[in-house]
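To start, the structure under review is shown below, and the notes come after it.
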Amino acid sequence: MAFLTVAKFLTPPMPNVTAEYDGFELRWKFITFRPAYFKNEVYFLAAALLYVAFYFFGKKANESRAQKWFEAHKQLYQSQFSKPTHTEGLSQDGNSDFFVYSTGRRALSSLHTTFTLRPRHDLFQYLFQIVRGLIELDYKAYDEVELEFTFREPVGKDGAVPECVWAVVAKDELKKIRDARWDLTFTKTTDSPALPASLAVMSEFADITTNLLKPYGGFSLTSVLSSPAIQPYFRSLSLTDQPRARPSHPLSPSERSKRLILTLALPPSSEAGATAPLVAAAFQLVDIIAGEGKHLPGSARGGLYAALRPETKTKLRKTREDVDREIREEAVREKREEAEEQKAAARKKAQEERLSKLSAAEQKKALEREKKRMMRKTQGKVKMR
């Protein structure tokens, strides 16, 4: 009986299908469809269709933008790598992230090309980015492509590629990159007269900047970065031997790698090849840093490391020793604090178990003694201050 009552309550009322209805209707056997009764449902259906259409349009748009950029640079990749791609075309993770993995080049173990595009397939996320950009003046949503060149030379070996941190960054990107990249905390930010006013240099020592920005024969990084065609899409170029996030413990050489990272705003599909000169310059810079630029006059045979002054090399080594010691001490301190917290929790639990076995009067006396003990302890601390 109770089940029938609940079922009756949940059953929706019968629709009004009176004979007086004179609007448009569709009939098929015992089924009658009268559109005039479905007013709100039309809007819900339209919203659902809009969302679905937005999803497929945005998904296709992202795929097209990433594919056109890669097609415009594919010939350059093929000329630089024996394996420019390890799959047919771009690898995809979701509808806004695309990847290319390239190997088979001198001085490099790999190149990871990562596309991080706006969520055009998700109407709500896309609108959220627009609204956030209107509220936060320093927030700027854009399609990004990052090229991470990993040097073949391992960390911990005094070879051609120095263990240092250096970067050229668009000034409107400084806040974002400082928040996202722990490794760039090693540097100091300055302006360079050789670069446009819209760019800043982040470097550990001026000696590194001097050697990376000076011309090598017909190659000049400052000339490439100063090009009006490049500047709208350039975000950052960094050389680093440190992880992006602060590690919880000192990393061994095998856990780190030397990398050159180029970050670009993705050009519109109609100008997909606009960044090709800068990508080509990045390959030349790799050769200069790694000592492979034999065709470039002025490049050091031993790479960037050989061009640095001895005192710069000493300071770089000391900085990393100091940071490792600081991280190690912090890890030890955190472990000690964690152990003390666990002991305190164990003592509290044991005390609670002991009190639970006492009578109400005995519990009250025990709590009063504990309160007096804590007051004496607090008073002692105040007197010591």
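Going through the structure tokens in order, the chains are called A, B, and so on, while each chain numbers its residues from 1 and the ligands are numbered from 1 in the order shown.
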With 12 Å as the cut-off and only C-alpha atoms counted, what is the closest atom pair between each nearby residue of stretch 204-230 of chain A and stretch 168-192 of chain A? Distances in Å to one decimal, ordered by chain and number, as CSV.
```
residue,atom,partner,partner_atom,distance
A:Glu204,CA,A:Thr187,CA,4.4
A:Phe205,CA,A:Thr187,CA,7.8
A:Ala206,CA,A:Lys188,CA,9.6
A:Ile208,CA,A:Thr187,CA,11.2
A:Thr209,CA,A:Ser192,CA,9.1
A:Thr210,CA,A:Ser192,CA,9.9
A:Leu212,CA,A:Val168,CA,10.4
A:Leu213,CA,A:Ser192,CA,9.6
A:Lys214,CA,A:Ser192,CA,11.8
A:Leu221,CA,A:Val168,CA,10.5
A:Thr222,CA,A:Ser192,CA,9.9
A:Leu225,CA,A:Val168,CA,9.3
A:Ser226,CA,A:Ala170,CA,11.6
A:Ile230,CA,A:Ala170,CA,11.7
```
>> Please extract the residues of stretch 50-278 of chain A with a backbone DSSP assignment of alpha helix (DSSP H) and present them as number ranges by chain.
In response: A: 50-80, 123-135, 174-180, 206-213, 221-225, 276-278
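You can rank A:Ala360, A:Leu251, A:Cys164, A:Leu137 by their closest distance to A:Arg325 using only C-alpha atoms, and at the top of that list sits A:Leu251.
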>> Can you measure atom CA of A:Ser82 to atom CA of A:Glu163 for me? One decimal in Å is fine.
In response: 27.4 Å
>> Just want the 10 Å neighbourhood of A:Gly302, counted on only C-alpha atoms, with same-chain residues fewer than 6 positions away dropped. Output as a list in words.
In response: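 Listed by chain and then number, they are Gly159, Ala160, Val161, Ile288, Ile289, Ala290, Gly291 and Glu292 of chain A.
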Output of the above residues as a short mmCIF file (atom, residue, chain, number, x, y, z; two decimals), in the first residue's frame, restricted to N, CA and C atoms:
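The file below, out_31.cif, is the result:
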```cif
data_model
loop_
_atom_site.label_atom_id
_atom_site.label_comp_id
_atom_site.auth_asym_id
_atom_site.auth_seq_id
_atom_site.Cartn_x
_atom_site.Cartn_y
_atom_site.Cartn_z
N GLY A 159 80.89 20.12 -19.33
CA GLY A 159 81.02 19.97 -20.77
C GLY A 159 80.82 21.30 -21.46
N ALA A 160 80.12 21.29 -22.58
CA ALA A 160 79.92 22.51 -23.37
C ALA A 160 78.76 23.35 -22.85
N VAL A 161 77.75 22.68 -22.28
CA VAL A 161 76.55 23.39 -21.82
C VAL A 161 76.68 23.67 -20.32
N ILE A 288 75.26 26.81 -30.79
CA ILE A 288 76.23 27.72 -30.16
C ILE A 288 76.48 27.31 -28.72
N ILE A 289 75.40 27.04 -27.98
CA ILE A 289 75.53 26.67 -26.56
C ILE A 289 76.28 25.35 -26.41
N ALA A 290 75.99 24.39 -27.30
CA ALA A 290 76.58 23.06 -27.20
C ALA A 290 77.93 22.93 -27.91
N GLY A 291 78.43 24.03 -28.49
CA GLY A 291 79.72 23.98 -29.17
C GLY A 291 79.69 23.27 -30.50
N GLU A 292 78.50 23.23 -31.13
CA GLU A 292 78.37 22.59 -32.43
C GLU A 292 78.28 23.60 -33.57
#
```
>> Measuring between only C-alpha atoms, which one of A:Thr87, A:Leu278, A:Arg120, A:Phe24 shows the shortest distance to A:Ala53?
In response: A:Arg120
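The space between atom CA of A:Lys371 and atom CA of A:Ala345 spans 17.9 Å.
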> Just asking: which residues within stretch 106-207 of chain A are strand (DSSP E) according to DSSP, as a PyMOL selection string?
Replying inline: chain A and resi 108-116+144-151+166-170+188-190+199-203
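Across A:Phe54, A:Phe98, A:Phe44, A:Tyr126, the tightest approach to A:Phe70 is made by A:Phe98 when counting only C-alpha atoms.
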